[in-house]
>>> print(open('data15.txt').read())   # compact mmCIF, N, CA and C atoms
# COMPACT_ATOMS: atom_id res chain seq x y z
N GLN Y 115 -2.77 26.58 61.28
CA GLN Y 115 -4.09 26.08 60.96
C GLN Y 115 -5.13 27.17 61.14
N VAL Y 116 -6.23 27.01 60.42
CA VAL Y 116 -7.35 27.94 60.52
C VAL Y 116 -8.60 27.14 60.88
N GLN Y 117 -9.25 27.54 61.96
CA GLN Y 117 -10.55 26.95 62.30
C GLN Y 117 -11.65 27.85 61.77
N LEU Y 118 -12.66 27.21 61.18
CA LEU Y 118 -13.78 27.94 60.60
C LEU Y 118 -15.07 27.41 61.21
N VAL Y 119 -15.91 28.30 61.65
CA VAL Y 119 -17.18 27.92 62.25
C VAL Y 119 -18.31 28.62 61.52
N GLU Y 120 -19.18 27.82 60.89
CA GLU Y 120 -20.30 28.38 60.14
C GLU Y 120 -21.54 28.46 61.01
N SER Y 121 -22.41 29.37 60.66
CA SER Y 121 -23.70 29.48 61.34
C SER Y 121 -24.69 30.12 60.39
N GLY Y 122 -25.98 29.98 60.70
CA GLY Y 122 -27.01 30.69 59.95
C GLY Y 122 -27.86 29.85 59.02
N GLY Y 123 -27.56 28.56 58.90
CA GLY Y 123 -28.38 27.73 58.04
C GLY Y 123 -29.76 27.49 58.63
N GLY Y 124 -30.62 26.82 57.86
CA GLY Y 124 -31.94 26.51 58.35
C GLY Y 124 -32.91 26.22 57.23
N LEU Y 125 -34.18 26.23 57.58
CA LEU Y 125 -35.27 25.97 56.64
C LEU Y 125 -35.93 27.29 56.27
N VAL Y 126 -36.12 27.51 54.99
CA VAL Y 126 -36.74 28.74 54.52
C VAL Y 126 -37.63 28.42 53.33
N GLN Y 127 -38.67 29.20 53.15
CA GLN Y 127 -39.56 29.01 52.02
C GLN Y 127 -38.97 29.59 50.74
N PRO Y 128 -39.36 29.08 49.60
CA PRO Y 128 -38.89 29.68 48.34
C PRO Y 128 -39.19 31.17 48.30
N GLY Y 129 -38.19 31.92 47.81
CA GLY Y 129 -38.31 33.37 47.78
C GLY Y 129 -37.80 34.05 49.04
N GLY Y 130 -37.50 33.27 50.05
CA GLY Y 130 -37.02 33.82 51.32
C GLY Y 130 -35.54 34.11 51.31
N SER Y 131 -35.04 34.53 52.48
CA SER Y 131 -33.64 34.91 52.62
C SER Y 131 -33.02 34.23 53.84
N LEU Y 132 -31.73 34.02 53.75
CA LEU Y 132 -30.92 33.55 54.87
C LEU Y 132 -29.56 34.23 54.79
N ARG Y 133 -28.93 34.36 55.95
CA ARG Y 133 -27.58 34.90 56.00
C ARG Y 133 -26.69 33.89 56.72
N LEU Y 134 -25.66 33.44 56.01
CA LEU Y 134 -24.68 32.52 56.59
C LEU Y 134 -23.47 33.32 57.03
N SER Y 135 -22.87 32.89 58.14
CA SER Y 135 -21.65 33.52 58.62
C SER Y 135 -20.58 32.48 58.86
N CYS Y 136 -19.36 32.87 58.63
CA CYS Y 136 -18.20 32.00 58.84
C CYS Y 136 -17.17 32.77 59.66
N ALA Y 137 -16.95 32.31 60.87
CA ALA Y 137 -15.98 32.95 61.76
C ALA Y 137 -14.65 32.21 61.68
N ALA Y 138 -13.57 32.95 61.42
CA ALA Y 138 -12.25 32.37 61.26
C ALA Y 138 -11.41 32.61 62.51
N SER Y 139 -10.52 31.66 62.80
CA SER Y 139 -9.64 31.78 63.96
C SER Y 139 -8.43 32.66 63.67
N GLU Y 140 -8.19 32.94 62.38
CA GLU Y 140 -7.09 33.79 61.99
C GLU Y 140 -7.62 35.16 61.53
N ASN Y 141 -6.74 36.15 61.59
CA ASN Y 141 -7.08 37.46 61.04
C ASN Y 141 -7.32 37.29 59.54
N ILE Y 142 -8.51 37.64 59.08
CA ILE Y 142 -8.84 37.35 57.68
C ILE Y 142 -8.04 38.19 56.69
N PHE Y 143 -7.35 39.21 57.18
CA PHE Y 143 -6.45 39.95 56.29
C PHE Y 143 -5.32 39.04 55.81
N SER Y 144 -4.96 38.04 56.62
CA SER Y 144 -3.85 37.16 56.26
C SER Y 144 -4.31 35.97 55.44
N ILE Y 145 -5.60 35.85 55.21
CA ILE Y 145 -6.14 34.74 54.44
C ILE Y 145 -6.35 35.21 53.01
N TYR Y 146 -5.72 34.50 52.05
CA TYR Y 146 -5.78 34.96 50.67
C TYR Y 146 -7.20 35.00 50.13
N ALA Y 147 -7.94 33.93 50.36
CA ALA Y 147 -9.31 33.88 49.85
C ALA Y 147 -10.19 33.09 50.79
N MET Y 148 -11.42 33.55 50.92
CA MET Y 148 -12.42 32.80 51.66
C MET Y 148 -13.64 32.65 50.78
N GLY Y 149 -14.27 31.50 50.89
CA GLY Y 149 -15.39 31.26 50.01
C GLY Y 149 -16.43 30.37 50.63
N TRP Y 150 -17.55 30.31 49.95
CA TRP Y 150 -18.64 29.41 50.31
C TRP Y 150 -18.84 28.42 49.17
N TYR Y 151 -18.94 27.18 49.56
CA TYR Y 151 -19.22 26.10 48.63
C TYR Y 151 -20.49 25.40 49.10
N ARG Y 152 -21.10 24.63 48.22
CA ARG Y 152 -22.28 23.87 48.62
C ARG Y 152 -22.27 22.50 47.96
N GLN Y 153 -22.89 21.57 48.66
CA GLN Y 153 -22.95 20.21 48.17
C GLN Y 153 -24.34 19.65 48.44
N ALA Y 154 -25.03 19.32 47.37
CA ALA Y 154 -26.34 18.69 47.47
C ALA Y 154 -26.13 17.17 47.47
N PRO Y 155 -27.10 16.42 47.98
CA PRO Y 155 -26.96 14.96 48.01
C PRO Y 155 -26.68 14.38 46.62
N GLY Y 156 -25.66 13.55 46.54
CA GLY Y 156 -25.32 12.91 45.29
C GLY Y 156 -24.59 13.77 44.29
N LYS Y 157 -24.24 14.99 44.69
CA LYS Y 157 -23.56 15.91 43.77
C LYS Y 157 -22.22 16.32 44.33
N GLN Y 158 -21.40 16.91 43.48
CA GLN Y 158 -20.09 17.37 43.92
C GLN Y 158 -20.21 18.70 44.65
N ARG Y 159 -19.16 19.03 45.37
CA ARG Y 159 -19.12 20.31 46.08
C ARG Y 159 -18.68 21.39 45.11
N ASP Y 160 -19.47 22.43 44.99
CA ASP Y 160 -19.22 23.48 44.02
C ASP Y 160 -19.07 24.84 44.69
N LEU Y 161 -18.29 25.69 44.05
CA LEU Y 161 -18.13 27.06 44.53
C LEU Y 161 -19.43 27.83 44.38
N VAL Y 162 -19.79 28.56 45.42
CA VAL Y 162 -20.94 29.47 45.37
C VAL Y 162 -20.45 30.91 45.23
N ALA Y 163 -19.54 31.29 46.11
CA ALA Y 163 -19.02 32.66 46.08
C ALA Y 163 -17.68 32.70 46.79
N GLN Y 164 -16.84 33.63 46.37
CA GLN Y 164 -15.50 33.76 46.94
C GLN Y 164 -15.15 35.23 47.06
N ILE Y 165 -14.37 35.56 48.10
CA ILE Y 165 -13.86 36.91 48.25
C ILE Y 165 -12.39 36.82 48.63
N THR Y 166 -11.56 37.59 47.96
CA THR Y 166 -10.12 37.55 48.24
C THR Y 166 -9.73 38.67 49.21
N SER Y 167 -8.47 38.65 49.62
CA SER Y 167 -8.02 39.62 50.62
C SER Y 167 -8.07 41.05 50.10
N ASP Y 168 -8.07 41.23 48.78
CA ASP Y 168 -8.16 42.59 48.23
C ASP Y 168 -9.60 42.99 47.94
N GLY Y 169 -10.54 42.11 48.33
CA GLY Y 169 -11.95 42.43 48.17
C GLY Y 169 -12.60 41.99 46.88
N SER Y 170 -11.84 41.35 46.00
CA SER Y 170 -12.41 40.87 44.75
C SER Y 170 -13.37 39.72 45.03
N THR Y 171 -14.45 39.68 44.28
CA THR Y 171 -15.46 38.64 44.49
C THR Y 171 -15.71 37.85 43.21
N LYS Y 172 -16.17 36.63 43.40
CA LYS Y 172 -16.54 35.76 42.29
C LYS Y 172 -17.76 34.97 42.71
N TYR Y 173 -18.69 34.78 41.77
CA TYR Y 173 -19.93 34.07 42.06
C TYR Y 173 -20.22 33.01 41.02
N ALA Y 174 -20.88 31.95 41.45
CA ALA Y 174 -21.42 30.99 40.49
C ALA Y 174 -22.53 31.67 39.71
N ASP Y 175 -22.67 31.30 38.45
CA ASP Y 175 -23.69 31.93 37.61
C ASP Y 175 -25.09 31.75 38.20
N SER Y 176 -25.31 30.63 38.85
CA SER Y 176 -26.65 30.31 39.35
C SER Y 176 -27.07 31.20 40.52
N VAL Y 177 -26.12 31.92 41.14
CA VAL Y 177 -26.47 32.74 42.30
C VAL Y 177 -26.23 34.23 42.06
N LYS Y 178 -25.69 34.59 40.92
CA LYS Y 178 -25.43 36.00 40.63
C LYS Y 178 -26.71 36.81 40.71
N GLY Y 179 -26.62 37.94 41.40
CA GLY Y 179 -27.79 38.80 41.55
C GLY Y 179 -28.67 38.43 42.72
N ARG Y 180 -28.44 37.26 43.32
CA ARG Y 180 -29.24 36.82 44.47
C ARG Y 180 -28.41 36.72 45.75
N PHE Y 181 -27.16 36.31 45.61
CA PHE Y 181 -26.29 36.11 46.77
C PHE Y 181 -25.21 37.19 46.79
N THR Y 182 -24.81 37.57 48.00
CA THR Y 182 -23.74 38.55 48.17
C THR Y 182 -22.79 38.07 49.26
N ILE Y 183 -21.50 38.02 48.93
CA ILE Y 183 -20.48 37.65 49.91
C ILE Y 183 -19.83 38.93 50.41
N SER Y 184 -19.53 38.96 51.72
CA SER Y 184 -18.92 40.15 52.29
C SER Y 184 -18.03 39.77 53.46
N ARG Y 185 -17.17 40.70 53.84
CA ARG Y 185 -16.26 40.47 54.95
C ARG Y 185 -16.50 41.50 56.06
N GLU Y 186 -16.40 41.06 57.30
CA GLU Y 186 -16.40 41.96 58.45
C GLU Y 186 -15.04 41.77 59.12
N ASN Y 187 -14.09 42.62 58.73
CA ASN Y 187 -12.71 42.42 59.14
C ASN Y 187 -12.55 42.44 60.67
N ALA Y 188 -13.26 43.33 61.33
CA ALA Y 188 -13.09 43.46 62.78
C ALA Y 188 -13.53 42.20 63.51
N LYS Y 189 -14.42 41.42 62.88
CA LYS Y 189 -14.93 40.19 63.51
C LYS Y 189 -14.32 38.94 62.90
N ASN Y 190 -13.38 39.11 61.96
CA ASN Y 190 -12.80 37.95 61.26
C ASN Y 190 -13.89 37.04 60.72
N THR Y 191 -14.88 37.64 60.10
CA THR Y 191 -16.04 36.90 59.63
C THR Y 191 -16.33 37.20 58.17
N VAL Y 192 -16.72 36.16 57.46
CA VAL Y 192 -17.20 36.29 56.10
C VAL Y 192 -18.65 35.83 56.07
N SER Y 193 -19.49 36.61 55.43
CA SER Y 193 -20.91 36.29 55.40
C SER Y 193 -21.40 36.08 53.97
N LEU Y 194 -22.49 35.35 53.87
CA LEU Y 194 -23.13 35.13 52.58
C LEU Y 194 -24.62 35.46 52.75
N GLN Y 195 -25.03 36.56 52.16
CA GLN Y 195 -26.44 36.94 52.18
C GLN Y 195 -27.11 36.29 50.99
N MET Y 196 -28.13 35.49 51.28
CA MET Y 196 -28.81 34.74 50.23
C MET Y 196 -30.26 35.21 50.14
N ASN Y 197 -30.61 35.78 49.01
CA ASN Y 197 -31.96 36.27 48.78
C ASN Y 197 -32.63 35.49 47.65
N SER Y 198 -33.93 35.62 47.57
CA SER Y 198 -34.70 34.95 46.49
C SER Y 198 -34.33 33.48 46.39
N LEU Y 199 -34.31 32.81 47.51
CA LEU Y 199 -33.86 31.41 47.53
C LEU Y 199 -34.81 30.51 46.77
N LYS Y 200 -34.22 29.51 46.15
CA LYS Y 200 -34.95 28.54 45.33
C LYS Y 200 -34.75 27.14 45.90
N PRO Y 201 -35.65 26.22 45.61
CA PRO Y 201 -35.46 24.84 46.10
C PRO Y 201 -34.12 24.24 45.67
N GLU Y 202 -33.64 24.62 44.51
CA GLU Y 202 -32.36 24.10 44.03
C GLU Y 202 -31.16 24.65 44.78
N ASP Y 203 -31.38 25.60 45.66
CA ASP Y 203 -30.30 26.09 46.53
C ASP Y 203 -30.11 25.20 47.75
N THR Y 204 -30.99 24.22 47.92
CA THR Y 204 -30.88 23.31 49.06
C THR Y 204 -29.59 22.51 48.99
N ALA Y 205 -28.82 22.56 50.06
CA ALA Y 205 -27.52 21.89 50.11
C ALA Y 205 -26.90 22.12 51.49
N VAL Y 206 -25.81 21.42 51.73
CA VAL Y 206 -24.95 21.76 52.85
C VAL Y 206 -23.95 22.80 52.36
N TYR Y 207 -23.86 23.89 53.05
CA TYR Y 207 -22.97 24.99 52.68
C TYR Y 207 -21.72 24.95 53.56
N TYR Y 208 -20.57 25.01 52.90
CA TYR Y 208 -19.29 24.94 53.59
C TYR Y 208 -18.50 26.23 53.37
N CYS Y 209 -17.84 26.67 54.41
CA CYS Y 209 -16.92 27.79 54.32
C CYS Y 209 -15.52 27.23 54.08
N LYS Y 210 -14.76 27.90 53.23
CA LYS Y 210 -13.39 27.49 52.95
C LYS Y 210 -12.45 28.68 53.00
N ALA Y 211 -11.26 28.43 53.55
CA ALA Y 211 -10.22 29.45 53.58
C ALA Y 211 -8.97 28.93 52.91
N LEU Y 212 -8.38 29.72 52.05
CA LEU Y 212 -7.09 29.40 51.44
C LEU Y 212 -6.03 30.23 52.17
N PHE Y 213 -5.24 29.56 52.97
CA PHE Y 213 -4.30 30.22 53.87
C PHE Y 213 -2.94 29.56 53.74
N ARG Y 214 -1.95 30.35 53.31
CA ARG Y 214 -0.57 29.87 53.16
C ARG Y 214 -0.51 28.58 52.34
N GLY Y 215 -1.29 28.53 51.27
CA GLY Y 215 -1.24 27.43 50.33
C GLY Y 215 -2.09 26.22 50.69
N TYR Y 216 -2.77 26.28 51.82
CA TYR Y 216 -3.61 25.16 52.25
C TYR Y 216 -5.07 25.59 52.30
N ASN Y 217 -5.93 24.61 51.99
CA ASN Y 217 -7.37 24.82 52.10
C ASN Y 217 -7.87 24.31 53.45
N TYR Y 218 -8.67 25.11 54.10
CA TYR Y 218 -9.29 24.72 55.37
C TYR Y 218 -10.79 24.83 55.20
N TRP Y 219 -11.50 23.86 55.79
CA TRP Y 219 -12.95 23.80 55.63
C TRP Y 219 -13.66 23.86 56.99
N GLY Y 220 -14.83 24.45 56.97
CA GLY Y 220 -15.70 24.39 58.12
C GLY Y 220 -16.48 23.09 58.11
N GLN Y 221 -17.33 22.93 59.11
CA GLN Y 221 -18.06 21.67 59.27
C GLN Y 221 -19.33 21.61 58.43
N GLY Y 222 -19.74 22.74 57.89
CA GLY Y 222 -20.92 22.78 57.04
C GLY Y 222 -22.18 23.15 57.79
N THR Y 223 -23.09 23.79 57.09
CA THR Y 223 -24.39 24.14 57.66
C THR Y 223 -25.47 23.86 56.61
N GLN Y 224 -26.55 23.24 57.05
CA GLN Y 224 -27.60 22.82 56.13
C GLN Y 224 -28.51 24.00 55.79
N VAL Y 225 -28.77 24.16 54.49
CA VAL Y 225 -29.77 25.12 54.02
C VAL Y 225 -30.82 24.34 53.24
N THR Y 226 -32.07 24.46 53.67
CA THR Y 226 -33.17 23.77 53.00
C THR Y 226 -34.20 24.79 52.57
N VAL Y 227 -34.49 24.79 51.28
CA VAL Y 227 -35.49 25.71 50.74
C VAL Y 227 -36.69 24.88 50.30
N SER Y 228 -37.77 25.03 51.02
CA SER Y 228 -38.94 24.19 50.76
C SER Y 228 -40.19 24.85 51.32
N SER Y 229 -41.31 24.61 50.65
CA SER Y 229 -42.58 25.12 51.14
C SER Y 229 -43.27 24.06 51.99
>>> encode(input="data15.txt", output="structure tokens")
Amino acid sequence: QVQLVESGGGLVQPGGSLRLSCAASENIFSIYAMGWYRQAPGKQRDLVAQITSDGSTKYADSVKGRFTISRENAKNTVSLQMNSLKPEDTAVYYCKALFRGYNYWGQGTQVTVSS
């Protein structure tokens, strides 16, 4: 099993920045892919960004150029730097790990973009 603990959510004004972090209980070298998803009220959970063990990244079109996913291998942590935030980025953000064929989820962290 993989435990994931997210941190870094909060309230920010439009145009502001936040950095989310996801700490994994396993060595992230052994995790095939880690990603961030988000779910707004009444909507489905969608992929925001993903990074694989070889460093390949994928982003939702709505966040390209604004969000950056990265790994800190020594800390077993994956981060999501979010810049130029918009009200439509408001959601609960979840970290996910694909490990040995199973998906593991964190508990989620709220991001609210509002003036």
>>> residues_around(input="data15.txt", residues="Arg180 of chain Y", least_positions_apart="2", cutoff="8 Å", atoms="only N, CA and C atoms", output="CSV table (one decimal) with N, CA and C atoms, in the coordinates of the input")
chain,number,residue,atom,x,y,z
Y,176,SER,N,-25.3,30.6,38.8
Y,176,SER,CA,-26.6,30.3,39.4
Y,176,SER,C,-27.1,31.2,40.5
Y,177,VAL,N,-26.1,31.9,41.1
Y,177,VAL,CA,-26.5,32.7,42.3
Y,177,VAL,C,-26.2,34.2,42.1
Y,178,LYS,N,-25.7,34.6,40.9
Y,178,LYS,CA,-25.4,36.0,40.6
Y,178,LYS,C,-26.7,36.8,40.7
Y,182,THR,N,-24.8,37.6,48.0
Y,182,THR,CA,-23.7,38.6,48.2
Y,182,THR,C,-22.8,38.1,49.3
Y,183,ILE,N,-21.5,38.0,48.9
Y,183,ILE,CA,-20.5,37.6,49.9
Y,183,ILE,C,-19.8,38.9,50.4
Y,195,GLN,N,-25.0,36.6,52.2
Y,195,GLN,CA,-26.4,36.9,52.2
Y,195,GLN,C,-27.1,36.3,51.0
Y,196,MET,N,-28.1,35.5,51.3
Y,196,MET,CA,-28.8,34.7,50.2
Y,196,MET,C,-30.3,35.2,50.1
Y,197,ASN,N,-30.6,35.8,49.0
Y,197,ASN,CA,-32.0,36.3,48.8
Y,197,ASN,C,-32.6,35.5,47.6
Y,198,SER,N,-33.9,35.6,47.6
Y,198,SER,CA,-34.7,35.0,46.5
Y,198,SER,C,-34.3,33.5,46.4
Y,199,LEU,N,-34.3,32.8,47.5
Y,199,LEU,CA,-33.9,31.4,47.5
Y,199,LEU,C,-34.8,30.5,46.8
>>> closest_residue(input="data15.txt", among="Y:Val162, Y:Leu118, Y:Ala154, Y:Leu125", to="Val227 of chain Y", atoms="all atoms listed in the file")
Y:Leu125
>>> residues_around(input="data15.txt", residues="segment 201-203 of chain Y", least_positions_apart="6", cutoff="7 Å", atoms="only N, CA and C atoms", output="list in words")
Gln127, Pro128, Gly129, Val225, Thr226, Val227 and Ser228 of chain Y
>>> closest_residue(input="data15.txt", among="Y:Thr171, Y:Asn141, Y:Asn217, Y:Thr204", to="Ala188 of chain Y", atoms="only C-alpha atoms")
Y:Asn141
>>> select_by_dssp(input="data15.txt", residues="segment 116-229 of chain Y", states="helix (DSSP H, G or I)", output="list of chain:residue names")
Y:Ile142, Y:Phe143, Y:Ser144, Y:Asp175, Y:Ser176, Y:Val177, Y:Asn187, Y:Ala188, Y:Lys189, Y:Pro201, Y:Glu202, Y:Asp203
>>> atom_distance(input="data15.txt", atom1="atom C of Asp175 of chain Y", atom2="atom C of Ile142 of chain Y")
26.0 Å
